[in-house]
Amino acid sequence: MQFFALADCNNFFVSCERVFRPDLRNRPVVVLSNNDGCIIARSNESKKLGLKMGDPYFKVKDFMARNNVTVFSSNYVLYGDMSSRVMSILSKFSPSIDIYSIDECFMDLSGMQDLHDLGAYALKIVDTVKRYTGLPISVGMAPSKTLAKIAAEFAKKYPGYKGACIIDSEEKRAKALQLTPIGEVWGIGRRLRPKMEKAGFFTAAGFAAADGDKIRRMFNINVYNTWRELNGISCLDISELPHNKSICVSRSFSGSGISDKHELESSIAGFAAKAAEKLRKQKCVCSQITVFAHTSRFLSGPGTHYICQNIHFPYPTQDSGEIVSMTLAGLRSRYAKGNFNYKKGGVVLWDISSIKHTPSYLFDNKDRAKQVRLNSVVDKINLVNGRHSVHLAIENYDIRAEHGHLSPQYTTKLDDIMILHC
């Protein structure tokens, strides 16, 4: 019988900060986005205060000060290293793991003959990760990935589970589906919720109980597979999940912005390279790019300028060099006379498709196989030795940003290692 586990770190960014600041346990904590723009992570205490994901920092700054909320700037170096440690530990508990996001990982437990007590095994995972990293984690186990996802949510939501929830019987499956709103089902979400409710499906239980042929006629194959998963039939492969329809990498520049064109181009090149890396991670190619840069939206008059240029590739690509080159060509084609302080810039990759479904083109004069091999080697080097160990010369990855509440890089920078005075 197939059986899967989903390990999900609780309030991951906040938990990473608390590992090195134990004085913040049981106190409200938030983590802000790039340039300290808005809230992207909250502790449970912050949630109880009414703080919401996406709240602009400037709007809730005074409220947080009055309620003694500790604020951190996003420290992605620290979070990435802590994630790697967690995934390394989880790999010891399963012969096959699929890393779904920075704080989530699916584990295939099928065929593990010595696994008799699922509950004890799940609690062992929770305890081991906590002991070795200090991070709290929730584990859900079930016959399918979608059910495991639901079980992990129950493990996180209800303290009585002690971090581990197992759906291993029909009775448990039925109860879990009854308590799960249709909009919270992985693969359905808020986007499809109105259509589901219009069809009369308000809970996961009602959807799972529907006739399979009816579901297949009404929705696409992905929704039908979700229906099968909720009924305990494993049919989802992480690598086959729908890819993002677009990839955007952008940043607001600190201070008054960037006036030097070379500096702007270096920053935009860094964004394009990062977007290309994300594109390769989801095993896709793109056919079009939009590059943009603009001055502050609060300005008006001759000092304002807006660049927005669409670029169409003759053939789909995922190559960093090609994407960066075309992006910069598009940016340069839209420059205007005068000196401007660009406050924000970015790139959007779109018209995305799976590389598996990309045909060969007779008149394409680029060696696509060589591009794939080269980018694969570069990605592996950067994975092992740290991001940007190998990069295009024009890339600026040290972009000025506002990080007024940045914590130390405890695990990756010698100068930031904690010192205990006895």
# chains A, B, ... in the order shown; residues from 1 in each chain; ligands from 1

call {"tool": "residues_around", "arguments": {"residues": "range 80-84 of chain A", "least_positions_apart": "3", "cutoff": "8 Å", "atoms": "only C-alpha atoms", "output": "list of chain:residue names"}}
result
A:Cys16, A:Tyr76, A:Val77, A:Met87, A:Ser88, A:Ile102, A:Asp103, A:Thr133, A:Thr411, A:Thr412

call {"tool": "residues_around", "arguments": {"residues": "range 199-208 of chain A", "least_positions_apart": "5", "cutoff": "7 Å", "atoms": "only C-alpha atoms", "output": "compact mmCIF listing (two decimals) with C-alpha atoms, in the first residue's frame"}}
result
# COMPACT_ATOMS: atom_id res chain seq x y z
CA ALA A 174 -14.31 11.05 6.23
CA LEU A 177 -12.82 15.89 4.70
CA GLN A 178 -15.96 17.04 6.50
CA THR A 180 -12.04 20.90 5.41
CA PRO A 181 -13.64 23.75 3.40
CA ILE A 182 -13.37 23.23 -0.34
CA VAL A 185 -8.02 21.78 -0.51
CA TRP A 227 -10.84 14.18 -6.49
CA LEU A 230 -9.18 12.83 -1.73
CA ASN A 231 -10.60 9.35 -2.19

call {"tool": "select_by_dssp", "arguments": {"residues": "range 51-102 of chain A", "states": "strand (DSSP E)", "output": "ChimeraX atom specification"}}
result
/A:70-73,96-101

call {"tool": "closest_atom_pairs", "arguments": {"of": "range 11-130 of chain A", "to": "range 138-161 of chain A", "cutoff": "9 Å", "atoms": "only C-alpha atoms", "output": "JSON lines"}}
result
{"residue": "A:Phe106", "atom": "CA", "partner": "A:Lys145", "partner_atom": "CA", "distance": 7.5}
{"residue": "A:Leu118", "atom": "CA", "partner": "A:Met141", "partner_atom": "CA", "distance": 7.9}
{"residue": "A:Gly119", "atom": "CA", "partner": "A:Met141", "partner_atom": "CA", "distance": 8.7}
{"residue": "A:Ala122", "atom": "CA", "partner": "A:Val139", "partner_atom": "CA", "distance": 6.3}
{"residue": "A:Leu123", "atom": "CA", "partner": "A:Val139", "partner_atom": "CA", "distance": 8.0}
{"residue": "A:Ile125", "atom": "CA", "partner": "A:Val139", "partner_atom": "CA", "distance": 7.8}
{"residue": "A:Val126", "atom": "CA", "partner": "A:Ser138", "partner_atom": "CA", "distance": 6.7}

call {"tool": "write_last_selection", "arguments": {"atoms": "N, CA, C and O atoms", "output": "PDB file, in the first residue's frame"}}
result
ATOM      1  N   PHE A 106       7.531  16.343   0.849  1.00  0.00           N
ATOM      2  CA  PHE A 106       6.790  15.083   0.814  1.00  0.00           C
ATOM      3  C   PHE A 106       7.758  13.916   0.940  1.00  0.00           C
ATOM      4  O   PHE A 106       8.845  13.933   0.345  1.00  0.00           O
ATOM      5  N   LEU A 118       2.805   4.043  12.542  1.00  0.00           N
ATOM      6  CA  LEU A 118       2.922   5.315  11.827  1.00  0.00           C
ATOM      7  C   LEU A 118       2.951   6.508  12.782  1.00  0.00           C
ATOM      8  O   LEU A 118       3.705   7.462  12.587  1.00  0.00           O
ATOM      9  N   GLY A 119       2.103   6.428  13.817  1.00  0.00           N
ATOM     10  CA  GLY A 119       2.038   7.531  14.774  1.00  0.00           C
ATOM     11  C   GLY A 119       3.366   7.761  15.459  1.00  0.00           C
ATOM     12  O   GLY A 119       3.833   8.899  15.585  1.00  0.00           O
ATOM     13  N   ALA A 122       5.894   9.269  12.953  1.00  0.00           N
ATOM     14  CA  ALA A 122       5.644  10.694  12.700  1.00  0.00           C
ATOM     15  C   ALA A 122       6.142  11.544  13.863  1.00  0.00           C
ATOM     16  O   ALA A 122       6.773  12.591  13.657  1.00  0.00           O
ATOM     17  N   LEU A 123       5.872  11.100  15.084  1.00  0.00           N
ATOM     18  CA  LEU A 123       6.334  11.855  16.253  1.00  0.00           C
ATOM     19  C   LEU A 123       7.858  11.854  16.346  1.00  0.00           C
ATOM     20  O   LEU A 123       8.459  12.833  16.799  1.00  0.00           O
ATOM     21  N   ILE A 125       9.847  11.915  13.747  1.00  0.00           N
ATOM     22  CA  ILE A 125      10.273  12.927  12.781  1.00  0.00           C
ATOM     23  C   ILE A 125      10.176  14.314  13.404  1.00  0.00           C
ATOM     24  O   ILE A 125      11.114  15.119  13.312  1.00  0.00           O
ATOM     25  N   VAL A 126       9.035  14.598  14.029  1.00  0.00           N
ATOM     26  CA  VAL A 126       8.812  15.904  14.671  1.00  0.00           C
ATOM     27  C   VAL A 126       9.883  16.171  15.725  1.00  0.00           C
ATOM     28  O   VAL A 126      10.486  17.259  15.773  1.00  0.00           O
TER      29      VAL A 126
END

call {"tool": "residues_around", "arguments": {"residues": "range 326-329 of chain A", "least_positions_apart": "2", "cutoff": "12 Å", "atoms": "only C-alpha atoms", "output": "NGL selection string"}}
result
:A and (261-262 or 264-273 or 275-276 or 287-293 or 307-314 or 317 or 319-324 or 331-335 or 345-349 or 394-395)

call {"tool": "closest_residue", "arguments": {"among": "A:Asp117, A:Tyr100, A:Glu197, A:Phe253", "to": "His403 in chain A", "atoms": "only C-alpha atoms"}}
result
A:Phe253

call {"tool": "closest_atom_pairs", "arguments": {"of": "range 47-80 of chain A", "to": "range 23-33 of chain A", "cutoff": "8 Å", "atoms": "only C-alpha atoms", "output": "tab-separated table"}}
result
residue	atom	partner	partner_atom	distance
A:Tyr57	CA	A:Leu32	CA	7.6
A:Asn68	CA	A:Pro28	CA	7.3
A:Val69	CA	A:Pro28	CA	4.9
A:Thr70	CA	A:Val29	CA	4.7
A:Val71	CA	A:Val30	CA	5.2
A:Phe72	CA	A:Val31	CA	4.8
A:Ser73	CA	A:Leu32	CA	5.0
A:Ser74	CA	A:Leu32	CA	5.6

call {"tool": "write_last_selection", "arguments": {"atoms": "all heavy atoms", "output": "mmCIF file, in the first residue's frame"}}
result
data_model
loop_
_atom_site.group_PDB
_atom_site.id
_atom_site.type_symbol
_atom_site.label_atom_id
_atom_site.label_comp_id
_atom_site.auth_asym_id
_atom_site.auth_seq_id
_atom_site.Cartn_x
_atom_site.Cartn_y
_atom_site.Cartn_z
ATOM 1 N N TYR A 57 3.968 47.538 6.008
ATOM 2 C CA TYR A 57 4.643 47.821 7.278
ATOM 3 C C TYR A 57 4.339 49.232 7.782
ATOM 4 O O TYR A 57 4.080 49.435 8.965
ATOM 5 C CB TYR A 57 6.150 47.620 7.106
ATOM 6 C CG TYR A 57 6.966 47.923 8.338
ATOM 7 C CD1 TYR A 57 6.591 47.431 9.588
ATOM 8 C CD2 TYR A 57 8.114 48.719 8.264
ATOM 9 C CE1 TYR A 57 7.339 47.700 10.722
ATOM 10 C CE2 TYR A 57 8.872 48.999 9.387
ATOM 11 C CZ TYR A 57 8.478 48.486 10.620
ATOM 12 O OH TYR A 57 9.219 48.760 11.742
ATOM 13 N N ASN A 68 4.180 45.632 21.273
ATOM 14 C CA ASN A 68 5.481 44.979 21.494
ATOM 15 C C ASN A 68 5.743 43.827 20.520
ATOM 16 O O ASN A 68 6.187 42.743 20.910
ATOM 17 C CB ASN A 68 5.575 44.458 22.936
ATOM 18 C CG ASN A 68 5.520 45.580 23.959
ATOM 19 O OD1 ASN A 68 6.180 46.605 23.780
ATOM 20 N ND2 ASN A 68 4.728 45.395 25.005
ATOM 21 N N VAL A 69 5.431 44.058 19.251
ATOM 22 C CA VAL A 69 5.701 43.057 18.220
ATOM 23 C C VAL A 69 7.144 43.212 17.752
ATOM 24 O O VAL A 69 7.571 44.307 17.378
ATOM 25 C CB VAL A 69 4.743 43.222 17.016
ATOM 26 C CG1 VAL A 69 5.062 42.186 15.936
ATOM 27 C CG2 VAL A 69 3.292 43.099 17.474
ATOM 28 N N THR A 70 7.900 42.131 17.779
ATOM 29 C CA THR A 70 9.285 42.159 17.300
ATOM 30 C C THR A 70 9.285 42.003 15.783
ATOM 31 O O THR A 70 8.639 41.113 15.245
ATOM 32 C CB THR A 70 10.113 41.037 17.942
ATOM 33 O OG1 THR A 70 10.081 41.182 19.367
ATOM 34 C CG2 THR A 70 11.558 41.095 17.472
ATOM 35 N N VAL A 71 10.041 42.863 15.103
ATOM 36 C CA VAL A 71 10.045 42.909 13.645
ATOM 37 C C VAL A 71 11.412 42.509 13.103
ATOM 38 O O VAL A 71 12.443 42.971 13.594
ATOM 39 C CB VAL A 71 9.686 44.326 13.141
ATOM 40 C CG1 VAL A 71 9.692 44.366 11.621
ATOM 41 C CG2 VAL A 71 8.330 44.759 13.694
ATOM 42 N N PHE A 72 11.409 41.634 12.075
ATOM 43 C CA PHE A 72 12.643 41.239 11.409
ATOM 44 C C PHE A 72 12.526 41.512 9.915
ATOM 45 O O PHE A 72 11.465 41.318 9.313
ATOM 46 C CB PHE A 72 12.925 39.743 11.595
ATOM 47 C CG PHE A 72 13.374 39.373 12.981
ATOM 48 C CD1 PHE A 72 12.486 38.825 13.895
ATOM 49 C CD2 PHE A 72 14.698 39.562 13.369
ATOM 50 C CE1 PHE A 72 12.895 38.477 15.174
ATOM 51 C CE2 PHE A 72 15.119 39.219 14.652
ATOM 52 C CZ PHE A 72 14.213 38.676 15.550
ATOM 53 N N SER A 73 13.626 41.958 9.318
ATOM 54 C CA SER A 73 13.712 41.980 7.863
ATOM 55 C C SER A 73 13.951 40.562 7.377
ATOM 56 O O SER A 73 14.486 39.722 8.109
ATOM 57 C CB SER A 73 14.869 42.882 7.415
ATOM 58 O OG SER A 73 14.694 44.200 7.883
ATOM 59 N N SER A 74 13.569 40.272 6.133
ATOM 60 C CA SER A 74 13.730 38.916 5.609
ATOM 61 C C SER A 74 15.215 38.582 5.462
ATOM 62 O O SER A 74 15.969 39.321 4.833
ATOM 63 C CB SER A 74 13.012 38.772 4.268
ATOM 64 O OG SER A 74 13.333 39.849 3.408
#

call {"tool": "closest_residue", "arguments": {"among": "A:Ser169, A:Gln2, A:Lys344, A:Lys281", "to": "Arg297 in chain A", "atoms": "only C-alpha atoms"}}
result
A:Lys344

call {"tool": "atom_distance", "arguments": {"atom1": "CA of Leu406 in chain A", "atom2": "CA of Asn34 in chain A"}}
result
10.6 Å

call {"tool": "atom_distance", "arguments": {"atom1": "CA of Lys130 in chain A", "atom2": "CA of Ser43 in chain A"}}
result
17.0 Å

call {"tool": "atom_distance", "arguments": {"atom1": "CA of Asn339 in chain A", "atom2": "CA of Gly303 in chain A"}}
result
7.6 Å
